[in-house]
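Chemist: Following this message is one structure expressed as structure tokens.
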Protein chains: 2
Amino acid sequence: MSQGSGNMPPKRPLTLRDVSEASGVSEMTVSRVLRNRGDVSETTRAKVLEAARELGYVPNKIAGALASSRVNLVAVIIPSMSNMVFPEVMTGINEVLEGTELQPVVGITNYKPEREEAVLYQMLSWRPSGVIIAGLEHTEAAKAMLGAAGIPIVEIMDTDGEPIDSAVGISHRRAGRKMAQAIIDAGYKRIGFLGTKMPLDHRARKRFEGFTQVLAKAKLEIADSEFYSGGSALKKGREMTEAILKRNEENPLDFLYYSNDMIGAGGLMYCLDNGIDVPGQIGLAGFNGIEFLDGLPRKLATMDACRLEIGRAAAQIIAKRVETPDAPGGEVITLEPSIAYGETLKRKKKLI
Amino acid sequence: MSQGSGNMPPKRPLTLRDVSEASGVSEMTVSRVLRNRGDVSETTRAKVLEAARELGYVPNKIAGALASSRVNLVAVIIPSMSNMVFPEVMTGINEVLEGTELQPVVGITNYKPEREEAVLYQMLSWRPSGVIIAGLEHTEAAKAMLGAAGIPIVEIMDTDGEPIDSAVGISHRRAGRKMAQAIIDAGYKRIGFLGTKMPLDHRARKRFEGFTQVLAKAKLEIADSEFYSGGSALKKGREMTEAILKRNEENPLDFLYYSNDMIGAGGLMYCLDNGIDVPGQIGLAGFNGIEFLDGLPRKLATMDACRLEIGRAAAQIIAKRVETPDAPGGEVITLEPSIAYGETLKRKKKLI
DNA sequence: AGCGAATATGTTATCGCTAACAAATTCGAT
DNA sequence: ATCGAATTTGTTAGCGATAACATATTCGCT
């Protein structure tokens, strides 16, 4: 099966030369067979493949990439992998890239700009064919690297700002505004906000900005808010909800807007456990549209962040640009998130 | 900032030679400065770093790796990224690798052996410094590749079987046995099983085997079972629970063992929503110990799969072997999962 | 000042593969 | 047979970095 018909364990890794010697043709011909490139007669093709299989040869992409200056990697740089949202983006990316020669390589930044910069540097040093990176906010150095890399760059998730090259996402300001409008339309007045203690989560910040902006237009403002960091989001949602409701017992809140579905689900459970009428006494809404919500006792209102679609579109942009290197670039795709009212947000009162 | 002080966009990617020319020293010296290797005077070091920064030079690891035959990548091959368990393993791996020069590269197999084989081949063609791969079951070809790669291999999650090199995990058979024993000890008799329709999830299969084995010793067997695939696990847990309970109304079940926490949580919610007394009328248990459970109205009994610890230990084995290439290898670490009784599994009746 | 040991820098030869071009072989049509 | 075109195979020269060795330079000490 490997290494000269069951001989000693391998010492030196195999190279093209080994296959070439074993099959009696030149290295170049072996290379051609293994890459399906150029004309090779059926006879030698079979001979070479047989030899390669017999030896257990695995090509060395490092050498191949250096020689051809083609690297079929796409760098994907995202803040986190543990909150449901980016895994789904990855699924979208994978779906599209599986149909090509490109392979994604993921780097995690933990929402830290300096970490992002370091990860980006590492990634670029592999000379990938493209970069998909979350967000529009980066350090100056990171922006310079991206600008100078000479490869397609797609910034994802967010389109509120100036992309370096291409961008795919939703407008989080608009998402915040839309949700605020729906809440106002449904007649809620005393609104609480619950979110993460994350000055660096720009998307959450933009949603918040859009949200308060629309409230302001209706002469409303956030009645109270609560922030968390770390721990089980579900549990935190529960705890924060308890805290904010207790704190406002005299002048009770009638709506809670959560910055993500997980804490929203926790809040929902708290309300149900404590006999609070949802959405009569109090309305609830989250953000993201995670599949998980389907299993809850009551369906939480949310807004879909189009994660799968974002992943797909971003990968498509890269794939297209790799195929057609002199295509223009600079494409911006803004997806439109839609509200899922679920069962925790009253519909707009019918107009007469 | 880049490319000759704000000139035209970059055409040809920068190389060591560019930095060398810009700083007036040899390429070798630049290389030494950039890698912090060998003696370089403070003066030239500063000069070189300045030039590199000024140009926006990013080293080419492809070329570096080929020349030094050292690739600081660790291939991590796992079945999925969307079910809470592997992201946590990744966190453990990352934690350890961040302290080294090694960088993880992830490949996803979707529980398909042929996909695993393909991903492995891709990964090995980058000549990584080590491989961390989930499970002990692989195709013959995959085993051959792993055996012949000449690098440290760590098979993770499971230790019920013969590893190729090293292994870190728990015994899933033992985990199944342990849970069965706890259930029997608590006095439950009519036990239902709910799991995934996944003939290729060997770990789940082994847990099931261990589980039934202990039941058999106590002259018990699974009273009924239910399987699912795809969709929201939480919802599926709810639906399967309803189905299995309805089907056994005449001779009701008194325990439900779920093959993962997510469907367990769905089942728990179903029971609570329908006024079923847990754990009095019926006991419930899952598997994995996901953090998520903390936020549930009642804490589900489960068994910790030691995911974080598995990731850490696996990465440590690789890191150690990379540092000391002639160390023996073949290390097997079996972690001991412990039962978390939560509030859905009665404790063993006190012995007199 | 003078000499060997450090310390700093430069040179040369790969690493394993592929692009580009060159040579050899096959083949059909005359 | 014979020639040119088409097909198949081989040769040569890097890709951009680093290892290993060679050559300056600097320095302390007698």
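Here's how to read the names in the structure tokens: chain A, B, ... by the order shown, residue numbers from 1 in each chain, ligand numbers from 1 in the order shown.
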Kindly provide the residues of chain D that approach chain B to within 12 Å, each paired with its closest atom pair and their distance in Å to one decimal, based on only C-alpha atoms (C1' of nucleotides), listed by chain and increasing number, as a Markdown table.

Modeler:
| residue | atom | partner | partner_atom | distance |
| --- | --- | --- | --- | --- |
| D:DC15 | C1' | B:Ala63 | CA | 7.8 |
| D:DG16 | C1' | B:Ala63 | CA | 4.9 |
| D:DA17 | C1' | B:Gly64 | CA | 4.4 |
| D:DT18 | C1' | B:Ala67 | CA | 5.1 |
| D:DA19 | C1' | B:Ser68 | CA | 7.4 |
| D:DA20 | C1' | B:Ser68 | CA | 11.9 |
| D:DT25 | C1' | B:Ser41 | CA | 11.6 |
| D:DT26 | C1' | B:Ser41 | CA | 11.3 |

Chemist: Using backbone DSSP assignments, extract all helix (DSSP H, G or I) residues from segment 13-221 of chain A; output them as a CSV table (one decimal) with N, CA and C atoms, in the first residue's frame.

Modeler:
chain,number,residue,atom,x,y,z
A,16,LEU,N,8.0,13.9,-6.3
A,16,LEU,CA,7.6,13.5,-7.7
A,16,LEU,C,8.7,12.6,-8.3
A,17,ARG,N,9.9,12.8,-7.9
A,17,ARG,CA,11.0,12.0,-8.4
A,17,ARG,C,10.8,10.5,-8.1
A,18,ASP,N,10.3,10.2,-6.9
A,18,ASP,CA,10.1,8.8,-6.6
A,18,ASP,C,9.1,8.2,-7.5
A,19,VAL,N,8.0,9.0,-7.7
A,19,VAL,CA,7.0,8.4,-8.6
A,19,VAL,C,7.5,8.3,-10.0
A,20,SER,N,8.3,9.4,-10.4
A,20,SER,CA,8.9,9.4,-11.7
A,20,SER,C,9.7,8.1,-11.9
A,21,GLU,N,10.6,7.8,-11.0
A,21,GLU,CA,11.4,6.7,-11.1
A,21,GLU,C,10.6,5.4,-11.1
A,22,ALA,N,9.7,5.3,-10.2
A,22,ALA,CA,8.9,4.1,-10.2
A,22,ALA,C,8.1,3.8,-11.4
A,23,SER,N,7.7,4.9,-12.2
A,23,SER,CA,6.9,4.7,-13.3
A,23,SER,C,7.7,4.8,-14.6
A,27,GLU,N,9.6,13.6,-14.4
A,27,GLU,CA,8.8,14.2,-13.3
A,27,GLU,C,7.7,15.1,-13.9
A,28,MET,N,8.0,15.7,-15.0
A,28,MET,CA,7.1,16.6,-15.6
A,28,MET,C,5.8,15.8,-16.0
A,29,THR,N,6.0,14.7,-16.6
A,29,THR,CA,4.9,13.9,-17.0
A,29,THR,C,4.0,13.5,-15.8
A,30,VAL,N,4.7,13.1,-14.7
A,30,VAL,CA,4.0,12.7,-13.5
A,30,VAL,C,3.1,13.9,-13.1
A,31,SER,N,3.8,15.0,-13.0
A,31,SER,CA,3.1,16.3,-12.6
A,31,SER,C,1.8,16.5,-13.5
A,32,ARG,N,2.0,16.3,-14.8
A,32,ARG,CA,0.9,16.5,-15.7
A,32,ARG,C,-0.2,15.5,-15.4
A,33,VAL,N,0.1,14.3,-15.1
A,33,VAL,CA,-0.9,13.3,-14.9
A,33,VAL,C,-1.7,13.7,-13.6
A,34,LEU,N,-0.9,14.0,-12.5
A,34,LEU,CA,-1.5,14.2,-11.2
A,34,LEU,C,-2.4,15.5,-11.2
A,35,ARG,N,-2.1,16.4,-12.2
A,35,ARG,CA,-2.9,17.6,-12.2
A,35,ARG,C,-3.9,17.6,-13.3
A,42,GLU,N,-3.0,7.6,-22.6
A,42,GLU,CA,-3.8,6.8,-21.6
A,42,GLU,C,-2.9,5.8,-21.0
A,43,THR,N,-1.9,5.2,-21.7
A,43,THR,CA,-1.0,4.2,-21.2
A,43,THR,C,-0.2,4.8,-20.0
A,44,THR,N,0.5,5.9,-20.3
A,44,THR,CA,1.4,6.4,-19.3
A,44,THR,C,0.6,6.9,-18.1
A,45,ARG,N,-0.6,7.5,-18.4
A,45,ARG,CA,-1.4,8.0,-17.3
A,45,ARG,C,-1.7,6.9,-16.3
A,46,ALA,N,-2.1,5.8,-16.9
A,46,ALA,CA,-2.4,4.6,-16.0
A,46,ALA,C,-1.2,4.2,-15.2
A,47,LYS,N,-0.1,4.1,-15.9
A,47,LYS,CA,1.2,3.7,-15.3
A,47,LYS,C,1.5,4.6,-14.1
A,48,VAL,N,1.4,5.9,-14.4
A,48,VAL,CA,1.8,6.8,-13.3
A,48,VAL,C,0.8,6.8,-12.1
A,49,LEU,N,-0.4,6.7,-12.4
A,49,LEU,CA,-1.4,6.7,-11.3
A,49,LEU,C,-1.2,5.5,-10.5
A,50,GLU,N,-0.9,4.4,-11.1
A,50,GLU,CA,-0.7,3.1,-10.4
A,50,GLU,C,0.5,3.3,-9.5
A,51,ALA,N,1.6,3.8,-10.1
A,51,ALA,CA,2.8,4.0,-9.2
A,51,ALA,C,2.6,4.9,-8.1
A,52,ALA,N,1.8,6.0,-8.3
A,52,ALA,CA,1.6,7.0,-7.2
A,52,ALA,C,0.8,6.3,-6.1
A,53,ARG,N,-0.2,5.6,-6.5
A,53,ARG,CA,-1.1,4.9,-5.6
A,53,ARG,C,-0.3,3.9,-4.8
A,54,GLU,N,0.5,3.1,-5.5
A,54,GLU,CA,1.3,2.1,-4.9
A,54,GLU,C,2.3,2.7,-3.8
A,55,LEU,N,2.9,3.8,-4.2
A,55,LEU,CA,3.8,4.4,-3.2
A,55,LEU,C,3.1,5.1,-2.1
A,61,LYS,N,1.9,20.6,-1.9
A,61,LYS,CA,1.3,21.8,-2.4
A,61,LYS,C,2.2,23.0,-2.2
A,62,ILE,N,3.0,22.9,-1.2
A,62,ILE,CA,3.9,24.1,-0.9
A,62,ILE,C,4.8,24.3,-2.1
A,63,ALA,N,5.4,23.3,-2.6
A,63,ALA,CA,6.3,23.4,-3.7
A,63,ALA,C,5.5,23.8,-5.0
A,64,GLY,N,4.3,23.1,-5.1
A,64,GLY,CA,3.5,23.4,-6.3
A,64,GLY,C,3.1,24.9,-6.3
A,65,ALA,N,2.6,25.4,-5.1
A,65,ALA,CA,2.2,26.8,-5.1
A,65,ALA,C,3.3,27.7,-5.4
A,66,LEU,N,4.5,27.4,-4.9
A,66,LEU,CA,5.6,28.3,-5.1
A,66,LEU,C,5.9,28.4,-6.6
A,67,ALA,N,5.9,27.2,-7.2
A,67,ALA,CA,6.3,27.1,-8.6
A,67,ALA,C,5.3,27.8,-9.5
A,68,SER,N,4.0,27.6,-9.2
A,68,SER,CA,3.0,28.1,-10.1
A,68,SER,C,2.5,29.5,-9.6
A,85,VAL,N,-23.7,32.3,14.8
A,85,VAL,CA,-23.8,33.1,13.5
A,85,VAL,C,-22.7,32.9,12.5
A,86,PHE,N,-21.5,32.8,13.0
A,86,PHE,CA,-20.5,32.6,12.0
A,86,PHE,C,-20.4,31.1,11.4
A,87,PRO,N,-20.7,30.1,12.3
A,87,PRO,CA,-20.7,28.8,11.6
A,87,PRO,C,-21.7,28.8,10.4
A,88,GLU,N,-22.8,29.5,10.5
A,88,GLU,CA,-23.7,29.5,9.4
A,88,GLU,C,-23.2,30.2,8.2
A,89,VAL,N,-22.5,31.3,8.4
A,89,VAL,CA,-21.8,32.0,7.3
A,89,VAL,C,-20.8,31.0,6.7
A,90,MET,N,-20.1,30.3,7.5
A,90,MET,CA,-19.1,29.3,7.0
A,90,MET,C,-19.8,28.3,6.1
A,91,THR,N,-20.9,27.8,6.6
A,91,THR,CA,-21.7,26.9,5.8
A,91,THR,C,-21.9,27.4,4.4
A,92,GLY,N,-22.4,28.7,4.3
A,92,GLY,CA,-22.6,29.3,3.0
A,92,GLY,C,-21.4,29.4,2.2
A,93,ILE,N,-20.3,29.8,2.8
A,93,ILE,CA,-19.0,29.9,2.1
A,93,ILE,C,-18.6,28.5,1.5
A,94,ASN,N,-18.7,27.5,2.4
A,94,ASN,CA,-18.3,26.1,2.0
A,94,ASN,C,-19.1,25.6,0.9
A,95,GLU,N,-20.4,25.8,0.9
A,95,GLU,CA,-21.3,25.4,-0.1
A,95,GLU,C,-20.8,25.8,-1.5
A,96,VAL,N,-20.4,27.1,-1.6
A,96,VAL,CA,-20.0,27.6,-2.9
A,96,VAL,C,-18.6,27.2,-3.2
A,97,LEU,N,-17.7,27.2,-2.2
A,97,LEU,CA,-16.3,26.8,-2.6
A,97,LEU,C,-16.1,25.4,-2.9
A,113,PRO,N,-9.2,44.0,17.6
A,113,PRO,CA,-8.6,44.5,16.4
A,113,PRO,C,-7.1,44.1,16.2
A,114,GLU,N,-6.4,44.1,17.3
A,114,GLU,CA,-5.0,43.8,17.2
A,114,GLU,C,-4.8,42.3,16.8
A,115,ARG,N,-5.7,41.5,17.3
A,115,ARG,CA,-5.7,40.1,17.0
A,115,ARG,C,-6.1,39.9,15.5
A,116,GLU,N,-7.0,40.7,15.0
A,116,GLU,CA,-7.4,40.7,13.6
A,116,GLU,C,-6.2,41.0,12.8
A,117,GLU,N,-5.5,42.0,13.2
A,117,GLU,CA,-4.3,42.4,12.4
A,117,GLU,C,-3.3,41.3,12.3
A,118,ALA,N,-3.1,40.7,13.4
A,118,ALA,CA,-2.1,39.6,13.5
A,118,ALA,C,-2.5,38.4,12.6
A,119,VAL,N,-3.8,38.0,12.8
A,119,VAL,CA,-4.3,36.9,12.0
A,119,VAL,C,-4.2,37.2,10.5
A,120,LEU,N,-4.6,38.4,10.1
A,120,LEU,CA,-4.6,38.8,8.7
A,120,LEU,C,-3.1,38.7,8.2
A,121,TYR,N,-2.2,39.2,9.0
A,121,TYR,CA,-0.8,39.1,8.5
A,121,TYR,C,-0.4,37.6,8.3
A,122,GLN,N,-0.7,36.8,9.3
A,122,GLN,CA,-0.4,35.3,9.1
A,122,GLN,C,-1.1,34.8,7.8
A,123,MET,N,-2.3,35.1,7.6
A,123,MET,CA,-3.0,34.6,6.5
A,123,MET,C,-2.4,35.1,5.2
A,124,LEU,N,-2.2,36.4,5.1
A,124,LEU,CA,-1.6,36.9,3.9
A,124,LEU,C,-0.3,36.3,3.6
A,140,GLU,N,-5.6,50.6,11.0
A,140,GLU,CA,-5.1,51.3,9.8
A,140,GLU,C,-4.1,50.3,9.1
A,141,ALA,N,-3.3,49.6,9.8
A,141,ALA,CA,-2.4,48.7,9.3
A,141,ALA,C,-3.1,47.6,8.5
A,142,ALA,N,-4.2,47.1,9.1
A,142,ALA,CA,-4.9,46.0,8.5
A,142,ALA,C,-5.5,46.5,7.1
A,143,LYS,N,-6.0,47.7,7.2
A,143,LYS,CA,-6.6,48.2,5.9
A,143,LYS,C,-5.5,48.3,4.9
A,144,ALA,N,-4.3,48.8,5.3
A,144,ALA,CA,-3.2,48.9,4.3
A,144,ALA,C,-2.9,47.6,3.7
A,145,MET,N,-2.8,46.6,4.6
A,145,MET,CA,-2.4,45.2,4.1
A,145,MET,C,-3.5,44.8,3.1
A,146,LEU,N,-4.7,44.9,3.4
A,146,LEU,CA,-5.8,44.5,2.6
A,146,LEU,C,-5.7,45.2,1.2
A,147,GLY,N,-5.5,46.5,1.3
A,147,GLY,CA,-5.5,47.3,0.1
A,147,GLY,C,-4.3,46.9,-0.8
A,148,ALA,N,-3.2,46.5,-0.2
A,148,ALA,CA,-2.0,46.3,-0.9
A,148,ALA,C,-1.8,44.8,-1.4
A,172,HIS,N,-27.0,47.3,9.4
A,172,HIS,CA,-27.4,47.1,10.8
A,172,HIS,C,-28.1,48.3,11.3
A,173,ARG,N,-27.8,49.4,10.9
A,173,ARG,CA,-28.5,50.6,11.3
A,173,ARG,C,-30.0,50.4,10.8
A,174,ARG,N,-30.1,50.0,9.6
A,174,ARG,CA,-31.5,49.9,9.1
A,174,ARG,C,-32.2,48.8,9.8
A,175,ALA,N,-31.5,47.7,10.1
A,175,ALA,CA,-32.1,46.6,10.9
A,175,ALA,C,-32.7,47.1,12.2
A,176,GLY,N,-31.8,48.0,12.9
A,176,GLY,CA,-32.3,48.5,14.2
A,176,GLY,C,-33.5,49.4,14.0
A,177,ARG,N,-33.4,50.2,12.9
A,177,ARG,CA,-34.5,51.1,12.7
A,177,ARG,C,-35.8,50.4,12.4
A,178,LYS,N,-35.7,49.4,11.6
A,178,LYS,CA,-36.9,48.6,11.2
A,178,LYS,C,-37.5,47.9,12.4
A,179,MET,N,-36.7,47.4,13.3
A,179,MET,CA,-37.3,46.8,14.5
A,179,MET,C,-37.9,47.8,15.4
A,180,ALA,N,-37.3,48.9,15.5
A,180,ALA,CA,-37.8,50.0,16.3
A,180,ALA,C,-39.2,50.4,15.8
A,181,GLN,N,-39.3,50.5,14.5
A,181,GLN,CA,-40.5,50.9,13.9
A,181,GLN,C,-41.6,49.9,14.1
A,182,ALA,N,-41.3,48.6,14.0
A,182,ALA,CA,-42.3,47.6,14.3
A,182,ALA,C,-42.8,47.6,15.7
A,183,ILE,N,-41.9,47.9,16.6
A,183,ILE,CA,-42.2,48.0,18.0
A,183,ILE,C,-43.1,49.2,18.3
A,184,ILE,N,-42.8,50.3,17.7
A,184,ILE,CA,-43.6,51.5,17.9
A,184,ILE,C,-45.0,51.3,17.3
A,185,ASP,N,-45.0,50.7,16.1
A,185,ASP,CA,-46.2,50.5,15.4
A,185,ASP,C,-47.2,49.6,16.2
A,202,HIS,N,-19.1,46.3,16.4
A,202,HIS,CA,-19.7,47.4,15.7
A,202,HIS,C,-21.1,47.2,15.1
A,203,ARG,N,-21.3,45.9,14.8
A,203,ARG,CA,-22.6,45.7,14.2
A,203,ARG,C,-23.7,45.9,15.3
A,204,ALA,N,-23.5,45.4,16.5
A,204,ALA,CA,-24.5,45.6,17.5
A,204,ALA,C,-24.6,47.1,17.8
A,205,ARG,N,-23.5,47.8,17.8
A,205,ARG,CA,-23.6,49.2,18.1
A,205,ARG,C,-24.4,49.9,17.0
A,206,LYS,N,-24.2,49.6,15.8
A,206,LYS,CA,-25.0,50.2,14.7
A,206,LYS,C,-26.5,49.9,14.8
A,207,ARG,N,-26.8,48.7,15.2
A,207,ARG,CA,-28.2,48.4,15.3
A,207,ARG,C,-28.8,49.2,16.4
A,208,PHE,N,-28.0,49.4,17.5
A,208,PHE,CA,-28.5,50.2,18.6
A,208,PHE,C,-28.7,51.6,18.2
A,209,GLU,N,-27.8,52.1,17.4
A,209,GLU,CA,-27.9,53.5,16.9
A,209,GLU,C,-29.2,53.7,16.1
A,210,GLY,N,-29.4,52.8,15.1
A,210,GLY,CA,-30.6,52.9,14.3
A,210,GLY,C,-31.8,52.8,15.2
A,211,PHE,N,-31.8,51.9,16.1
A,211,PHE,CA,-32.9,51.7,17.0
A,211,PHE,C,-33.3,52.9,17.7
A,212,THR,N,-32.3,53.5,18.4
A,212,THR,CA,-32.6,54.7,19.2
A,212,THR,C,-33.0,55.9,18.3
A,213,GLN,N,-32.4,55.9,17.2
A,213,GLN,CA,-32.7,57.0,16.3
A,213,GLN,C,-34.2,57.1,15.9
A,214,VAL,N,-34.8,55.9,15.6
A,214,VAL,CA,-36.2,55.8,15.3
A,214,VAL,C,-37.1,56.1,16.5
A,215,LEU,N,-36.6,55.6,17.6
A,215,LEU,CA,-37.4,55.9,18.9
A,215,LEU,C,-37.4,57.4,19.1
A,216,ALA,N,-36.3,58.0,18.9
A,216,ALA,CA,-36.2,59.5,19.1
A,216,ALA,C,-37.2,60.2,18.2
A,217,LYS,N,-37.3,59.8,17.0
A,217,LYS,CA,-38.3,60.4,16.1
A,217,LYS,C,-39.7,60.3,16.6

Chemist: Taking a cut-off of 9 Å and counting only C-alpha atoms (C1' of nucleotides), can you build a table that, for each residue of chain C near chain B, reports the nearest atom pair and how far apart they are in Å (one decimal), sorted by chain then residue number, as a Markdown table?

Modeler:
| residue | atom | partner | partner_atom | distance |
| --- | --- | --- | --- | --- |
| C:DT7 | C1' | B:Asp39 | CA | 7.1 |
| C:DA8 | C1' | B:Val40 | CA | 6.1 |
| C:DT9 | C1' | B:Thr29 | CA | 7.0 |
| C:DG10 | C1' | B:Ser26 | CA | 6.7 |
| C:DT14 | C1' | B:Ala67 | CA | 7.7 |
| C:DC15 | C1' | B:Ala67 | CA | 4.7 |
| C:DG16 | C1' | B:Leu66 | CA | 7.6 |

Chemist: Taking only C-alpha atoms into account and nothing else, which residues of chain A lie no more than 9 Å away from chain B? Please answer as an MDAnalysis selection string.

Modeler: chainID A and resid 1:3 9:13 56:63 65:66 81:82 84 87:88 91 104:107 121:122 124:127 141 144:145 147:150 231:238 266 269:270 273 291:297

Chemist: Please report as JSON lines every residue of chain D lying within 9 Å of segment 26-29 of chain C, along with the nearest atom pair and their distance in Å (one decimal), using only C-alpha atoms (C1' of nucleotides).

Modeler:
{"residue": "D:DA6", "atom": "C1'", "partner": "C:DC27", "partner_atom": "C1'", "distance": 8.0}
{"residue": "D:DT7", "atom": "C1'", "partner": "C:DT26", "partner_atom": "C1'", "distance": 7.1}
{"residue": "D:DT8", "atom": "C1'", "partner": "C:DT26", "partner_atom": "C1'", "distance": 8.5}

Chemist: To one decimal in Å, tell me the separation between atom CA of Glu331 of chain A and atom CA of Glu101 of chain A.

Modeler: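 Atom CA of Glu101 of chain A lies 22.3 Å from atom CA of Glu331 of chain A.
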
Chemist: I'd like the interatomic distance between atom CA of Thr344 of chain A and atom CA of Tyr258 of chain A, to a tenth of an Å.

Modeler: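 Result for atom CA of Thr344 of chain A versus atom CA of Tyr258 of chain A: 12.3 Å, one decimal.
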
Chemist: Would you return as a PyMOL selection string the members of segment 214-283 of chain B that DSSP assigns to strand (DSSP E) on this structure's backbone?

Modeler: chain B and resi 224-228+255-258+283

Chemist: Got time to write the residues from that selection, all heavy atoms, as a CSV table (one decimal), in the first residue's frame?

Modeler:
chain,number,residue,atom,x,y,z
B,224,ASP,N,-38.4,1.5,24.0
B,224,ASP,CA,-38.7,2.1,22.7
B,224,ASP,C,-37.6,3.1,22.3
B,224,ASP,O,-36.9,3.6,23.2
B,224,ASP,CB,-40.1,2.8,22.8
B,224,ASP,CG,-40.7,3.1,21.4
B,224,ASP,OD1,-40.1,2.7,20.4
B,224,ASP,OD2,-41.8,3.7,21.4
B,225,SER,N,-37.6,3.4,21.0
B,225,SER,CA,-36.6,4.4,20.6
B,225,SER,C,-37.1,5.2,19.4
B,225,SER,O,-38.1,4.9,18.8
B,225,SER,CB,-35.3,3.8,20.3
B,225,SER,OG,-35.5,2.7,19.4
B,226,GLU,N,-36.4,6.3,19.2
B,226,GLU,CA,-36.9,7.3,18.2
B,226,GLU,C,-35.6,8.0,17.6
B,226,GLU,O,-34.7,8.3,18.4
B,226,GLU,CB,-37.7,8.3,19.0
B,226,GLU,CG,-38.4,9.4,18.1
B,226,GLU,CD,-39.7,8.8,17.5
B,226,GLU,OE1,-40.2,7.8,18.0
B,226,GLU,OE2,-40.2,9.4,16.5
B,227,PHE,N,-35.6,8.2,16.3
B,227,PHE,CA,-34.4,8.7,15.7
B,227,PHE,C,-34.8,9.9,14.8
B,227,PHE,O,-35.9,9.9,14.3
B,227,PHE,CB,-33.7,7.7,14.9
B,227,PHE,CG,-33.2,6.6,15.8
B,227,PHE,CD1,-34.0,5.4,16.0
B,227,PHE,CD2,-31.9,6.6,16.4
B,227,PHE,CE1,-33.5,4.4,16.8
B,227,PHE,CE2,-31.5,5.6,17.2
B,227,PHE,CZ,-32.3,4.5,17.4
B,228,TYR,N,-33.9,10.8,14.6
B,228,TYR,CA,-34.1,12.0,13.8
B,228,TYR,C,-32.9,12.3,12.9
B,228,TYR,O,-31.8,11.8,13.2
B,228,TYR,CB,-34.5,13.2,14.6
B,228,TYR,CG,-33.3,13.9,15.1
B,228,TYR,CD1,-32.8,15.1,14.6
B,228,TYR,CD2,-32.6,13.4,16.2
B,228,TYR,CE1,-31.7,15.8,15.1
B,228,TYR,CE2,-31.5,14.0,16.7
B,228,TYR,CZ,-31.0,15.2,16.2
B,228,TYR,OH,-29.9,15.9,16.7
B,255,PHE,N,-38.2,6.8,31.8
B,255,PHE,CA,-36.9,7.5,31.5
B,255,PHE,C,-36.7,7.7,30.1
B,255,PHE,O,-37.0,6.8,29.3
B,255,PHE,CB,-35.8,6.8,32.2
B,255,PHE,CG,-34.6,7.7,32.4
B,255,PHE,CD1,-34.4,8.4,33.6
B,255,PHE,CD2,-33.6,7.9,31.3
B,255,PHE,CE1,-33.3,9.2,33.8
B,255,PHE,CE2,-32.6,8.8,31.5
B,255,PHE,CZ,-32.4,9.5,32.7
B,256,LEU,N,-36.1,8.8,29.7
B,256,LEU,CA,-35.7,9.1,28.3
B,256,LEU,C,-34.2,9.4,28.3
B,256,LEU,O,-33.8,10.4,28.9
B,256,LEU,CB,-36.5,10.2,27.7
B,256,LEU,CG,-38.0,10.0,27.6
B,256,LEU,CD1,-38.7,11.2,27.1
B,256,LEU,CD2,-38.3,8.7,26.7
B,257,TYR,N,-33.5,8.6,27.5
B,257,TYR,CA,-32.0,8.9,27.4
B,257,TYR,C,-31.8,9.5,26.0
B,257,TYR,O,-32.1,8.8,25.0
B,257,TYR,CB,-31.3,7.6,27.6
B,257,TYR,CG,-29.8,7.8,27.4
B,257,TYR,CD1,-29.1,8.9,28.0
B,257,TYR,CD2,-29.0,6.8,26.8
B,257,TYR,CE1,-27.7,9.0,27.8
B,257,TYR,CE2,-27.6,6.9,26.6
B,257,TYR,CZ,-27.0,8.0,27.2
B,257,TYR,OH,-25.6,8.1,27.1
B,258,TYR,N,-31.3,10.7,25.9
B,258,TYR,CA,-31.1,11.4,24.6
B,258,TYR,C,-29.6,11.3,24.3
B,258,TYR,O,-28.7,11.5,25.1
B,258,TYR,CB,-31.5,12.9,24.8
B,258,TYR,CG,-32.9,13.1,25.1
B,258,TYR,CD1,-33.4,13.1,26.4
B,258,TYR,CD2,-33.8,13.4,24.0
B,258,TYR,CE1,-34.8,13.3,26.6
B,258,TYR,CE2,-35.2,13.6,24.3
B,258,TYR,CZ,-35.6,13.5,25.6
B,258,TYR,OH,-37.0,13.7,25.8
B,283,GLY,N,-37.8,10.5,34.1
B,283,GLY,CA,-36.4,11.1,34.2
B,283,GLY,C,-35.9,11.4,32.8
B,283,GLY,O,-36.3,10.8,31.9
